[in-house]
Every structure is written in C-alpha cells, then in structure tokens.
file final.cif (mmCIF, C-alpha atoms and all ligand atoms)
data_structure
#
loop_
_atom_site.label_atom_id
_atom_site.label_comp_id
_atom_site.auth_asym_id
_atom_site.auth_seq_id
_atom_site.Cartn_x
_atom_site.Cartn_y
_atom_site.Cartn_z
CA MET A 1 -15.96 24.97 23.12
CA ARG A 2 -13.17 26.33 20.97
CA ARG A 3 -13.58 25.88 17.23
CA VAL A 4 -10.64 24.32 15.42
CA VAL A 5 -10.37 24.23 11.64
CA ILE A 6 -7.79 21.81 10.29
CA VAL A 7 -6.77 22.37 6.68
CA GLY A 8 -5.77 19.04 5.12
CA GLY A 9 -7.33 15.71 6.10
CA GLY A 10 -4.42 13.33 5.43
CA ALA A 11 -2.89 11.15 8.14
CA ILE A 12 -1.60 14.15 10.06
CA GLY A 13 -4.77 16.27 9.84
CA SER A 14 -7.01 13.30 10.65
CA ALA A 15 -4.79 12.19 13.55
CA ILE A 16 -4.94 15.71 15.01
CA ALA A 17 -8.74 15.69 14.59
CA TYR A 18 -8.92 12.33 16.40
CA PHE A 19 -6.66 13.36 19.30
CA LEU A 20 -8.43 16.70 19.78
CA THR A 21 -11.85 15.08 20.04
CA ARG A 22 -11.21 11.86 21.94
CA ASP A 23 -12.41 11.87 25.50
CA PRO A 24 -9.35 11.80 27.71
CA GLY A 25 -11.66 11.26 30.69
CA ASN A 26 -9.91 13.86 32.83
CA GLY A 27 -11.89 16.98 32.10
CA GLU A 28 -9.38 18.25 29.55
CA GLU A 29 -10.64 20.87 27.12
CA ARG A 30 -12.73 19.50 24.19
CA PHE A 31 -12.85 21.05 20.75
CA GLU A 32 -15.34 21.45 17.92
CA VAL A 33 -13.31 20.35 14.92
CA THR A 34 -13.82 20.85 11.18
CA VAL A 35 -11.44 19.33 8.65
CA VAL A 36 -11.17 21.00 5.23
CA GLU A 37 -9.97 18.46 2.67
CA ARG A 38 -9.95 19.25 -1.04
CA ASP A 39 -9.90 15.65 -2.30
CA PHE A 40 -11.66 12.84 -0.46
CA SER A 41 -10.07 10.27 -2.82
CA TYR A 42 -6.61 11.17 -1.39
CA ARG A 43 -5.14 10.29 -4.79
CA GLN A 44 -2.19 12.62 -4.37
CA ALA A 45 -1.85 12.66 -0.60
CA SER A 46 1.48 11.43 0.76
CA SER A 47 -0.43 9.39 3.31
CA ALA A 48 -1.88 7.25 0.51
CA LEU A 49 1.36 7.01 -1.52
CA SER A 50 3.74 6.43 1.37
CA ALA A 51 5.87 3.31 1.82
CA SER A 52 4.55 3.55 5.40
CA SER A 53 7.39 1.91 7.19
CA ILE A 54 8.29 2.45 10.81
CA ARG A 55 11.60 1.90 12.51
CA GLN A 56 13.17 2.33 15.93
CA GLN A 57 16.78 2.48 14.81
CA PHE A 58 17.39 6.19 15.21
CA SER A 59 20.42 8.02 16.55
CA THR A 60 18.63 10.53 18.79
CA ALA A 61 16.58 9.88 21.92
CA ILE A 62 13.65 12.02 20.80
CA ASN A 63 13.21 10.10 17.55
CA ILE A 64 13.44 6.76 19.34
CA ARG A 65 10.86 7.80 21.93
CA MET A 66 8.45 9.10 19.28
CA SER A 67 8.75 5.91 17.29
CA LEU A 68 8.26 3.70 20.35
CA TYR A 69 5.03 5.60 20.96
CA GLY A 70 4.19 5.13 17.25
CA ILE A 71 4.63 1.35 17.20
CA ASP A 72 2.68 0.97 20.42
CA PHE A 73 -0.15 3.02 18.91
CA LEU A 74 -0.11 1.03 15.65
CA ARG A 75 -0.14 -2.32 17.49
CA ASN A 76 -3.18 -1.35 19.52
CA LEU A 77 -4.89 0.58 16.76
CA GLY A 78 -7.62 -2.02 16.16
CA GLU A 79 -8.99 -1.36 19.63
CA THR A 80 -8.10 2.35 19.92
CA LEU A 81 -9.67 3.36 16.61
CA ARG A 82 -12.52 0.85 16.46
CA VAL A 83 -15.92 2.32 15.67
CA GLY A 84 -18.63 0.02 17.01
CA ASP A 85 -18.08 -3.38 15.39
CA GLU A 86 -15.72 -1.96 12.79
CA VAL A 87 -12.17 -2.87 13.79
CA PRO A 88 -9.59 -1.26 11.49
CA ASP A 89 -6.77 -3.41 10.18
CA ILE A 90 -3.70 -1.66 8.77
CA GLY A 91 -1.78 -4.88 8.02
CA LEU A 92 1.13 -4.07 10.32
CA VAL A 93 4.05 -6.48 9.96
CA GLU A 94 7.32 -6.26 11.88
CA PRO A 95 10.15 -7.95 9.98
CA GLY A 96 12.69 -5.31 11.11
CA TYR A 97 15.16 -2.96 9.49
CA LEU A 98 18.68 -4.15 8.76
CA TYR A 99 21.58 -1.70 8.87
CA LEU A 100 24.99 -2.76 7.57
CA ALA A 101 28.24 -1.00 8.48
CA SER A 102 31.71 -1.19 7.00
CA GLN A 103 34.72 -0.90 9.31
CA ALA A 104 34.48 2.90 9.05
CA GLY A 105 30.83 2.95 10.15
CA ALA A 106 30.89 0.22 12.81
CA GLY A 107 31.65 2.67 15.64
CA VAL A 108 28.56 4.77 14.85
CA LEU A 109 26.41 1.64 14.64
CA ARG A 110 27.65 0.57 18.11
CA GLU A 111 26.96 4.04 19.57
CA ASN A 112 23.45 4.07 18.11
CA HIS A 113 22.88 0.54 19.39
CA ALA A 114 23.82 1.60 22.94
CA LEU A 115 21.36 4.52 22.78
CA GLN A 116 18.61 2.27 21.38
CA LYS A 117 19.19 -0.37 24.07
CA ALA A 118 19.02 2.34 26.74
CA HIS A 119 15.47 2.95 25.47
CA ALA A 120 14.65 -0.79 25.50
CA VAL A 121 14.51 -1.04 21.71
CA ASP A 122 14.41 -4.68 20.55
CA VAL A 123 17.51 -4.60 18.35
CA ALA A 124 20.55 -6.85 17.95
CA LEU A 125 24.08 -6.35 16.68
CA LEU A 126 25.25 -9.17 14.40
CA THR A 127 28.74 -10.15 13.31
CA PRO A 128 29.16 -10.98 9.60
CA ASP A 129 28.96 -14.72 10.48
CA GLU A 130 25.75 -14.26 12.46
CA LEU A 131 24.35 -12.16 9.63
CA LYS A 132 25.18 -14.88 7.09
CA ALA A 133 23.59 -17.55 9.31
CA ARG A 134 20.34 -15.55 9.43
CA PHE A 135 20.29 -14.36 5.81
CA PRO A 136 22.35 -16.83 3.72
CA TRP A 137 21.67 -14.85 0.54
CA ILE A 138 23.40 -11.68 1.78
CA SER A 139 26.95 -10.91 0.73
CA THR A 140 28.93 -9.98 3.81
CA GLU A 141 31.88 -8.70 1.83
CA GLY A 142 33.04 -5.42 3.36
CA VAL A 143 30.52 -5.74 6.20
CA GLU A 144 31.99 -5.31 9.68
CA LEU A 145 28.80 -5.17 11.72
CA ALA A 146 25.03 -5.34 11.24
CA SER A 147 22.11 -4.08 13.29
CA LEU A 148 18.77 -5.87 13.02
CA GLY A 149 15.45 -4.78 14.47
CA LEU A 150 13.90 -7.85 16.10
CA SER A 151 10.48 -6.28 16.58
CA GLY A 152 8.87 -2.85 16.46
CA GLU A 153 9.99 -2.20 12.88
CA GLY A 154 8.21 -2.92 9.62
CA TRP A 155 5.43 -1.48 7.55
CA TYR A 156 1.67 -1.11 7.23
CA ASP A 157 -0.91 0.23 4.82
CA GLY A 158 -0.79 4.03 5.01
CA TYR A 159 -4.13 4.59 3.32
CA SER A 160 -5.87 2.31 5.83
CA LEU A 161 -4.25 4.19 8.70
CA LEU A 162 -5.51 7.49 7.35
CA GLN A 163 -9.03 6.08 6.90
CA ALA A 164 -8.99 4.60 10.41
CA PHE A 165 -8.13 7.98 11.92
CA ARG A 166 -10.73 9.67 9.76
CA ARG A 167 -13.57 7.26 10.57
CA LYS A 168 -12.83 7.46 14.28
CA ALA A 169 -12.62 11.27 14.16
CA VAL A 170 -15.98 11.42 12.38
CA SER A 171 -17.49 9.10 15.01
CA GLN A 172 -16.27 11.58 17.64
CA GLY A 173 -18.14 14.43 15.94
CA VAL A 174 -15.50 15.83 13.59
CA ARG A 175 -16.96 17.37 10.43
CA TYR A 176 -15.13 16.81 7.12
CA VAL A 177 -15.79 19.33 4.34
CA GLN A 178 -14.64 18.60 0.81
CA THR A 179 -13.40 21.90 -0.50
CA HIS A 180 -10.27 23.86 -1.23
CA ALA A 181 -8.95 26.24 1.44
CA THR A 182 -7.92 29.41 -0.36
CA GLY A 183 -6.71 31.65 2.46
CA LEU A 184 -6.93 32.79 6.05
CA ARG A 185 -8.97 35.57 7.61
CA LEU A 186 -6.60 37.45 9.90
CA ASP A 187 -7.11 39.73 12.86
CA GLY A 188 -3.64 41.22 13.12
CA ARG A 189 -1.38 38.17 13.22
CA ARG A 190 -4.13 35.92 14.54
CA ALA A 191 -6.09 33.62 12.23
CA THR A 192 -9.82 33.85 12.87
CA GLY A 193 -11.12 31.84 9.94
CA VAL A 194 -10.37 29.78 6.87
CA GLN A 195 -11.55 30.99 3.47
CA ILE A 196 -12.80 28.26 1.19
CA ASP A 197 -13.77 27.92 -2.46
CA GLY A 198 -16.94 29.86 -3.19
CA GLY A 199 -15.97 32.78 -0.93
CA GLU A 200 -17.35 31.42 2.37
CA THR A 201 -15.23 31.66 5.53
CA LEU A 202 -15.23 29.02 8.27
CA ASP A 203 -14.90 30.73 11.67
CA ALA A 204 -12.11 29.39 13.84
CA ASP A 205 -10.48 30.07 17.17
CA VAL A 206 -7.56 27.91 16.14
CA VAL A 207 -6.39 27.03 12.63
CA VAL A 208 -4.12 24.05 12.01
CA THR A 209 -2.42 23.62 8.65
CA ALA A 210 -1.82 19.97 7.78
CA THR A 211 -1.55 20.29 4.03
CA GLY A 212 1.47 18.05 3.61
CA LEU A 213 5.10 18.81 3.22
CA ASN A 214 6.77 21.14 0.74
CA LEU A 215 10.06 20.52 -0.99
CA LEU A 216 12.76 23.18 -1.07
CA ALA A 217 15.13 22.81 -4.02
CA LEU A 218 18.78 22.54 -2.94
CA GLY A 219 17.72 23.50 0.59
CA GLY A 220 17.15 27.08 -0.58
CA ILE A 221 20.77 27.76 -1.58
CA GLU A 222 20.97 30.78 -3.88
CA LEU A 223 23.38 29.90 -6.65
CA SER A 224 25.31 32.27 -8.85
CA VAL A 225 27.98 31.75 -11.50
CA ASP A 226 30.41 34.65 -12.02
CA GLY A 227 28.01 36.92 -10.15
CA VAL A 228 24.96 35.97 -12.25
CA ALA A 229 22.11 34.36 -10.32
CA VAL A 230 21.12 30.85 -11.44
CA SER A 231 17.41 30.27 -11.87
CA LEU A 232 16.93 26.55 -11.21
CA PRO A 233 13.84 26.02 -13.43
CA GLU A 234 15.89 27.32 -16.37
CA ARG A 235 18.56 24.68 -15.91
CA LEU A 236 18.60 21.01 -16.81
CA ALA A 237 19.70 18.39 -14.32
CA TYR A 238 22.54 16.21 -15.61
CA LYS A 239 22.05 12.58 -14.44
CA GLY A 240 19.74 14.09 -11.79
CA MET A 241 22.80 15.30 -9.84
CA MET A 242 24.50 18.27 -11.59
CA LEU A 243 23.18 21.42 -13.21
CA SER A 244 23.66 22.52 -16.79
CA ARG A 245 26.08 25.43 -17.07
CA VAL A 246 26.99 25.34 -13.37
CA PRO A 247 30.55 24.13 -12.75
CA ASN A 248 31.70 21.84 -9.96
CA LEU A 249 28.35 21.35 -8.24
CA VAL A 250 26.80 18.01 -7.33
CA PHE A 251 23.61 17.37 -5.36
CA THR A 252 21.72 14.25 -4.39
CA ILE A 253 18.12 13.36 -5.10
CA GLY A 254 17.44 9.90 -3.75
CA TYR A 255 15.00 7.25 -4.91
CA THR A 256 11.30 7.61 -4.34
CA ASN A 257 10.77 3.89 -4.92
CA ALA A 258 13.65 2.51 -2.84
CA SER A 259 15.99 3.55 -0.06
CA TRP A 260 16.97 7.20 -0.54
CA THR A 261 20.54 6.50 0.50
CA LEU A 262 21.08 3.80 -2.15
CA LYS A 263 21.21 6.63 -4.66
CA ALA A 264 23.19 8.90 -2.33
CA ASP A 265 25.88 6.19 -2.12
CA LEU A 266 26.09 5.93 -5.92
CA VAL A 267 26.32 9.71 -6.30
CA ALA A 268 29.11 9.79 -3.69
CA GLU A 269 31.02 7.07 -5.59
CA TYR A 270 30.53 8.99 -8.81
CA VAL A 271 31.96 12.16 -7.23
CA CYS A 272 35.05 10.23 -6.10
CA ARG A 273 35.56 8.95 -9.65
CA LEU A 274 35.04 12.48 -10.96
CA LEU A 275 37.61 14.00 -8.59
CA GLU A 276 40.17 11.31 -9.45
CA HIS A 277 39.56 11.87 -13.16
CA MET A 278 40.03 15.63 -12.77
CA GLU A 279 43.19 15.20 -10.77
CA ARG A 280 44.67 12.82 -13.34
CA GLY A 281 43.75 15.12 -16.25
CA GLY A 282 44.84 18.33 -14.52
CA TYR A 283 41.29 19.75 -14.75
CA ARG A 284 39.90 22.34 -12.37
CA GLN A 285 36.41 22.44 -13.68
CA CYS A 286 33.70 20.05 -14.83
CA MET A 287 30.45 21.39 -16.15
CA PRO A 288 27.48 19.76 -17.90
CA VAL A 289 26.52 21.63 -21.08
CA ASP A 290 23.07 21.25 -22.68
CA ASP A 291 23.87 22.54 -26.17
CA ASP A 292 22.11 19.75 -28.10
CA PRO A 293 19.28 21.60 -29.94
CA THR A 294 17.18 18.42 -30.22
CA LEU A 295 17.07 17.96 -26.45
CA GLU A 296 13.63 18.70 -24.99
CA SER A 297 13.01 19.58 -21.36
CA ARG A 298 10.45 17.96 -19.09
CA PRO A 299 9.64 17.82 -15.37
CA LEU A 300 12.53 16.45 -13.34
CA LEU A 301 10.42 13.93 -11.43
CA ASP A 302 7.62 11.78 -12.77
CA PHE A 303 5.88 11.40 -9.43
CA ALA A 304 2.27 12.21 -8.60
CA ALA A 305 2.58 12.94 -4.84
CA GLY A 306 1.12 16.36 -4.00
CA TYR A 307 4.29 17.56 -2.28
CA VAL A 308 6.27 16.90 -5.47
CA GLN A 309 3.70 18.43 -7.82
CA ARG A 310 3.42 21.56 -5.63
CA SER A 311 7.14 22.33 -5.81
CA LEU A 312 8.26 20.88 -9.13
CA HIS A 313 8.12 24.24 -10.95
CA LEU A 314 10.83 25.52 -8.60
CA PHE A 315 13.21 22.67 -9.46
CA PRO A 316 15.62 22.22 -12.36
CA ARG A 317 14.09 20.35 -15.28
CA GLY A 318 15.03 17.01 -16.76
CA GLY A 319 15.80 16.27 -20.41
CA SER A 320 14.17 13.99 -22.93
CA ARG A 321 17.06 11.53 -22.92
CA ALA A 322 20.21 10.41 -21.11
CA PRO A 323 22.27 11.82 -19.53
CA TRP A 324 19.66 14.47 -18.69
CA ARG A 325 17.14 12.19 -17.04
CA LEU A 326 16.63 11.38 -13.37
CA GLY A 327 15.98 7.65 -13.35
CA MET A 328 14.61 5.67 -10.42
CA SER A 329 16.31 2.38 -11.27
CA TYR A 330 19.12 1.26 -8.99
CA PRO A 331 20.49 -1.42 -11.38
CA GLN A 332 20.61 1.10 -14.22
CA ASP A 333 22.29 3.71 -12.03
CA VAL A 334 24.91 1.17 -10.95
CA VAL A 335 25.85 0.85 -14.62
CA THR A 336 25.80 4.56 -15.46
CA LEU A 337 27.21 6.07 -12.26
CA ARG A 338 29.64 3.35 -11.21
CA HIS A 339 30.91 2.04 -14.52
CA ARG A 340 30.16 4.25 -17.51
CA ALA A 341 32.84 6.62 -18.90
CA LEU A 342 32.84 10.09 -17.32
CA GLU A 343 33.62 11.82 -20.60
CA ASP A 344 30.31 11.56 -22.42
CA GLY A 345 30.29 14.75 -24.48
CA ALA A 346 27.81 16.53 -22.23
CA LEU A 347 30.09 16.80 -19.19
CA ARG A 348 32.90 19.16 -20.24
CA PHE A 349 36.26 19.30 -18.45
CA SER A 350 38.58 22.30 -18.49
CA ALA A 351 41.38 23.98 -16.55
CA PRO A 352 40.48 27.67 -16.62
C1 LIG B 401 6.77 7.74 -1.67
C2 LIG B 401 6.66 8.08 -0.20
C3 LIG B 401 7.22 7.23 0.72
C4 LIG B 401 7.14 7.53 2.09
N1 LIG B 401 7.63 6.63 2.98
C5 LIG B 401 7.47 6.83 4.31
C6 LIG B 401 7.84 5.84 5.25
O1 LIG B 401 8.29 4.76 4.88
N2 LIG B 401 7.68 6.10 6.57
C7 LIG B 401 7.15 7.31 7.00
O2 LIG B 401 7.01 7.50 8.22
N3 LIG B 401 6.79 8.27 6.13
C8 LIG B 401 6.92 8.05 4.81
N4 LIG B 401 6.51 9.00 3.90
C9 LIG B 401 6.05 10.29 4.45
C10 LIG B 401 4.62 10.21 4.96
O3 LIG B 401 3.82 9.53 4.06
C11 LIG B 401 4.13 11.65 5.13
O4 LIG B 401 5.01 12.36 6.00
C12 LIG B 401 2.73 11.75 5.72
O5 LIG B 401 1.83 10.89 5.04
C13 LIG B 401 2.27 13.18 5.61
O6 LIG B 401 0.91 13.25 5.97
P1 LIG B 401 0.16 14.62 5.83
O7 LIG B 401 -1.22 14.42 6.35
O8 LIG B 401 1.00 15.72 6.40
O9 LIG B 401 0.16 14.91 4.25
P2 LIG B 401 -0.80 14.37 3.09
O10 LIG B 401 -1.10 12.92 3.25
O11 LIG B 401 -0.16 14.82 1.82
O12 LIG B 401 -2.14 15.16 3.36
C14 LIG B 401 -2.27 16.55 3.10
C15 LIG B 401 -3.70 16.76 2.66
O13 LIG B 401 -3.93 18.16 2.56
C16 LIG B 401 -4.83 18.37 1.49
N5 LIG B 401 -4.67 19.77 1.07
C17 LIG B 401 -3.55 20.39 0.64
N6 LIG B 401 -3.79 21.67 0.37
C18 LIG B 401 -5.11 21.87 0.63
C19 LIG B 401 -5.96 23.02 0.55
N7 LIG B 401 -5.51 24.21 0.15
N8 LIG B 401 -7.26 22.87 0.89
C20 LIG B 401 -7.75 21.67 1.30
N9 LIG B 401 -6.99 20.56 1.40
C21 LIG B 401 -5.68 20.67 1.08
C22 LIG B 401 -4.37 17.37 0.43
O14 LIG B 401 -5.42 17.09 -0.49
C23 LIG B 401 -3.98 16.17 1.27
O15 LIG B 401 -5.01 15.19 1.38
C24 LIG B 401 6.52 8.73 2.54
C25 LIG B 401 5.93 9.59 1.60
C26 LIG B 401 5.97 9.26 0.25
C27 LIG B 401 5.28 10.17 -0.73
#

call {"tool": "encode", "arguments": {"input": "final.cif", "output": "structure tokens"}}
result
Amino acid sequence: MRRVVIVGGGAIGSAIAYFLTRDPGNGEERFEVTVVERDFSYRQASSALSASSIRQQFSTAINIRMSLYGIDFLRNLGETLRVGDEVPDIGLVEPGYLYLASQAGAGVLRENHALQKAHAVDVALLTPDELKARFPWISTEGVELASLGLSGEGWYDGYSLLQAFRRKAVSQGVRYVQTHATGLRLDGRRATGVQIDGGETLDADVVVTATGLNLLALGGIELSVDGVAVSLPERLAYKGMMLSRVPNLVFTIGYTNASWTLKADLVAEYVCRLLEHMERGGYRQCMPVDDDPTLESRPLLDFAAGYVQRSLHLFPRGGSRAPWRLGMSYPQDVVTLRHRALEDGALRFSAP
C-alpha cells in the first residue's frame, strides 16, 4: 500500500484523507494515510472561520458541475460520513443566492442563466415586479433583472463539515498527528518524506500539501515610482485602497465579513468621483501622503484566519486613524467613499 502524508488537516486535507481511504468497492488502489495537523483546535483554519456558503450560479460549466457535485454530497453527508450511530449534521439550509442586474448587466445574467439551466440548475430569472412580490422589502430601483437560486444554494457549518470528514477518515484508518511540518525530504525533485517538529521524518510515497491558501499582495505586481521599487510593507494603505506616496493607483480589498463585491462597487464609485474631480480641477496626479508624524502604523487587516496572518507582513500597513484604516463596515464606507469630500488633506492633487 502506498503511504500518503497529507500536511494540513482542514476541510481540504481531511476530505482528501476520506476519499483516499474509502472503499470504492471496485478494487481501486487503497492508501495508508497520515495527516499532519499543527493545531487540532482549528482556531485559525479557514475551514472553521469560513462563511461556508455554496452556490450554483456560476458563469462557467466546470464551476457549475463542481458545485452540483458539492451540494449533492452535502445533502447526503449524514449517510455518507456517518460513523456507526453517529450521523453528522452540518446544518445545511438552502435559501438561495440572489443576483441583481442593472440594464447594463442584464445580458450577462441572461447568458449565465442559460448556461445554468443547461446544467439543470434550479434557478429563476425574475422581473423587478416578480422580485418585489417575493421580497417586498427590496428596492427595485435601477434593477432590470434578478436571478434567484430556488434550491441547491445556501450555507452550512464549516467546522462541522471539517469534523465530519475527519471523524470518518479516522474511522477508515487515517492517522492524525498533531505537529508542525517543517520541511520535505527530497530525492531529486521527488518528495520522500515530511519533516516534523523534533527532527523526525515521516516516510511517504506521496505528499499532499493542504495547508490552506496564501494571499499574494496586488497579485504580485512589482511597483516602482520614478524607477524606484516600492516595498509594500513600507507603505500605508489610504482608505484600504491606495498606497502612500504612490500616485494614481487604486486597488480593491473586499469585505471579509460581507460580500466582497459590495466593497468593490464602492471603490469603483469612488474612482469615478476621483476621475471627475481631477478632470474638473485640471489635475494629472493624486497621491496619498502620510506625513503626519503622530500617525502610527499597524497591520492592515485585523483578521485571525491563518491565510491572512501568514501573508500580512508582505502587505502594506494600515494607520492608527482615518483615512489610513481599512474598515469592514459597509454603512461607514458608504459615507466615506460615496459622500465624503475627496480633498481631505492626506490625498494630494497636482498637475506635474
Ligand atoms: C472569512 C471566510 C469566508 C469564507 N467563505 C467561504 C464561502 O462562503 N464559501 C466557500 O466555499 N469558501 C469560503 N471560504 C474559503 C474556505 O473556507 C476555504 O477555501 C477552505 O476552508 C480551505 O480549506 P483548507 O483545508 O485548504 O484550509 P484550512 O482550513 O486553513 O486548513 C489548513 C490547515 O493546515 C494546517 N497547517 C498549515 N501549515 C501547517 C504546517 N506547516 N504543519 C502542519 N499543519 C499545518 C493549519 O493548521 C490548518 O488547519 C471562506 C474563508 C474565510 C476565511
């Protein structure tokens, strides 16, 4: 039997451990699996912190097919992952996702709908009147078309899912070891073992890394201003969307506690206001300047997830007060990004 060592026992690592050791009943190869997990409390694992929602409303066939498999698996999970009398319950509910489109976006929504229907996704297009009839509290102003998931979309408890996979994997003979993987033993380019805290090496024929995702600041773009490279950790983020002493650059970091795109929309609106303001004033350049000596720097994001903590030192920093802080409050951002004056002393306009 081939030995597999999986590094990281979150939802992904534990799911792989489960699938590799379940009996497919067709003589397929079986594996001896060890999972190396540094923290059995999963305090900082994305799988425990996730919003854990699932949708079918995607715009590519591959995503739709994967998610159809996903919802089918989640619906039947009680039986699939039961261990003896213990039937896991992940609290799956399926109230559906609701997408709203303006006139400009209605065509894309219709195209996506056609693709989803071709894959038998349970989704409906609603006119503004139909939308209002279903959800009387929604404002339909500016809405041309809506798309509502009727089933197959909703959310569940991510931590329970991870534990269900883990318990089932253990019942199938998977060994979980609580320790920190520190490196790989290599034979040429081939991994033959996983080094763990204390100096021991776990022998492996196959090594799987499932240690969670890593963030890449600005997608890895290498910035320079007048030929001088910009080191992101040495810059402050202005309103969480521009960089101190870097002109004419805006980026988007969405919400971690709400829809990512809610923030992206506000940033886009802000950029439109900014461009109009520059055109009216004859400016060619706008640049945030952090020359207030009382301003202190701090981590950009106050968020405990491992994938954030692992990468935060590579990101720009935030400041101790506005406008150098990245907030996570939509109502507050509506005020500051949509309505507040652009000229605030920190953002400097010029026409060099
Ligand atoms: C706020 C938030 C909201 C999200 N919302 C959704 C959503 O709505 N829908 C959705 O599908 N996804 C969502 N996600 C993403 C989803 O949660 C993750 O993609 C998924 O949980 C990743 O699982 P994982 O097992 O790869 O990572 P993790 O759960 O992070 O597990 C990785 C494990 O590896 C361990 N590890 C790391 N390094 C080592 C080492 N050297 N040695 C030993 N162990 C190590 C860690 O301790 C950790 O337990 C969200 C994530 C977050 C944080």

call {"tool": "closest_residue", "arguments": {"input": "final.cif", "among": "A:Ile71, A:Leu115, A:Val121, A:Ala51", "to": "ligand LIG 401 (chain B)", "atoms": "only C-alpha atoms and all ligand atoms"}}
result
A:Ala51

call {"tool": "residues_near_point", "arguments": {"input": "final.cif", "point": "(18.7, 13.4, -30.2)", "cutoff": "10 Å", "atoms": "all atoms listed in the file", "output": "PyMOL selection string"}}
result
chain A and resi 292-296+320-322

call {"tool": "write_last_selection", "arguments": {"input": "final.cif", "atoms": "C-alpha atoms", "output": "JSON list (two decimals), in the coordinates of the input"}}
result
[["chain", "number", "residue", "atom", "x", "y", "z"],
["A", 292, "ASP", "CA", 22.11, 19.75, -28.10],
["A", 293, "PRO", "CA", 19.28, 21.60, -29.94],
["A", 294, "THR", "CA", 17.18, 18.42, -30.22],
["A", 295, "LEU", "CA", 17.07, 17.96, -26.45],
["A", 296, "GLU", "CA", 13.63, 18.70, -24.99],
["A", 320, "SER", "CA", 14.17, 13.99, -22.93],
["A", 321, "ARG", "CA", 17.06, 11.53, -22.92],
["A", 322, "ALA", "CA", 20.21, 10.41, -21.11]]

call {"tool": "atom_distance", "arguments": {"input": "final.cif", "atom1": "CA of Val33 in chain A", "atom2": "atom N9 of ligand LIG 401 (chain B)"}}
result
14.9 Å

call {"tool": "closest_residue", "arguments": {"input": "final.cif", "among": "A:Asn76, A:Gln178, A:Asn26, A:Ser53", "to": "Phe40 in chain A", "atoms": "all atoms listed in the file"}}
result
A:Gln178

call {"tool": "residues_near_ligand", "arguments": {"input": "final.cif", "ligand": "ligand LIG 401 (chain B)", "cutoff": "7 Å", "atoms": "all atoms listed in the file", "output": "PyMOL selection string"}}
result
chain A and resi 7-13+36-39+42+44-54+179-182+210-213+256-257+305-307

call {"tool": "write_last_selection", "arguments": {"input": "final.cif", "atoms": "C-alpha atoms", "output": "PDB file, in the frame of the given file"}}
result
ATOM      1  CA  VAL A   7      -6.770  22.370   6.680  1.00  0.00           C
ATOM      2  CA  GLY A   8      -5.770  19.040   5.120  1.00  0.00           C
ATOM      3  CA  GLY A   9      -7.330  15.710   6.100  1.00  0.00           C
ATOM      4  CA  GLY A  10      -4.420  13.330   5.430  1.00  0.00           C
ATOM      5  CA  ALA A  11      -2.890  11.150   8.140  1.00  0.00           C
ATOM      6  CA  ILE A  12      -1.600  14.150  10.060  1.00  0.00           C
ATOM      7  CA  GLY A  13      -4.770  16.270   9.840  1.00  0.00           C
ATOM      8  CA  VAL A  36     -11.170  21.000   5.230  1.00  0.00           C
ATOM      9  CA  GLU A  37      -9.970  18.460   2.670  1.00  0.00           C
ATOM     10  CA  ARG A  38      -9.950  19.250  -1.040  1.00  0.00           C
ATOM     11  CA  ASP A  39      -9.900  15.650  -2.300  1.00  0.00           C
ATOM     12  CA  TYR A  42      -6.610  11.170  -1.390  1.00  0.00           C
ATOM     13  CA  GLN A  44      -2.190  12.620  -4.370  1.00  0.00           C
ATOM     14  CA  ALA A  45      -1.850  12.660  -0.600  1.00  0.00           C
ATOM     15  CA  SER A  46       1.480  11.430   0.760  1.00  0.00           C
ATOM     16  CA  SER A  47      -0.430   9.390   3.310  1.00  0.00           C
ATOM     17  CA  ALA A  48      -1.880   7.250   0.510  1.00  0.00           C
ATOM     18  CA  LEU A  49       1.360   7.010  -1.520  1.00  0.00           C
ATOM     19  CA  SER A  50       3.740   6.430   1.370  1.00  0.00           C
ATOM     20  CA  ALA A  51       5.870   3.310   1.820  1.00  0.00           C
ATOM     21  CA  SER A  52       4.550   3.550   5.400  1.00  0.00           C
ATOM     22  CA  SER A  53       7.390   1.910   7.190  1.00  0.00           C
ATOM     23  CA  ILE A  54       8.290   2.450  10.810  1.00  0.00           C
ATOM     24  CA  THR A 179     -13.400  21.900  -0.500  1.00  0.00           C
ATOM     25  CA  HIS A 180     -10.270  23.860  -1.230  1.00  0.00           C
ATOM     26  CA  ALA A 181      -8.950  26.240   1.440  1.00  0.00           C
ATOM     27  CA  THR A 182      -7.920  29.410  -0.360  1.00  0.00           C
ATOM     28  CA  ALA A 210      -1.820  19.970   7.780  1.00  0.00           C
ATOM     29  CA  THR A 211      -1.550  20.290   4.030  1.00  0.00           C
ATOM     30  CA  GLY A 212       1.470  18.050   3.610  1.00  0.00           C
ATOM     31  CA  LEU A 213       5.100  18.810   3.220  1.00  0.00           C
ATOM     32  CA  THR A 256      11.300   7.610  -4.340  1.00  0.00           C
ATOM     33  CA  ASN A 257      10.770   3.890  -4.920  1.00  0.00           C
ATOM     34  CA  ALA A 305       2.580  12.940  -4.840  1.00  0.00           C
ATOM     35  CA  GLY A 306       1.120  16.360  -4.000  1.00  0.00           C
ATOM     36  CA  TYR A 307       4.290  17.560  -2.280  1.00  0.00           C
TER      37      TYR A 307
END

call {"tool": "residues_around", "arguments": {"input": "final.cif", "residues": "Ala124 in chain A", "least_positions_apart": "4", "cutoff": "7 Å", "atoms": "only C-alpha atoms", "output": "list in words"}}
result
Ser147, Leu148, Gly149 and Leu150 of chain A
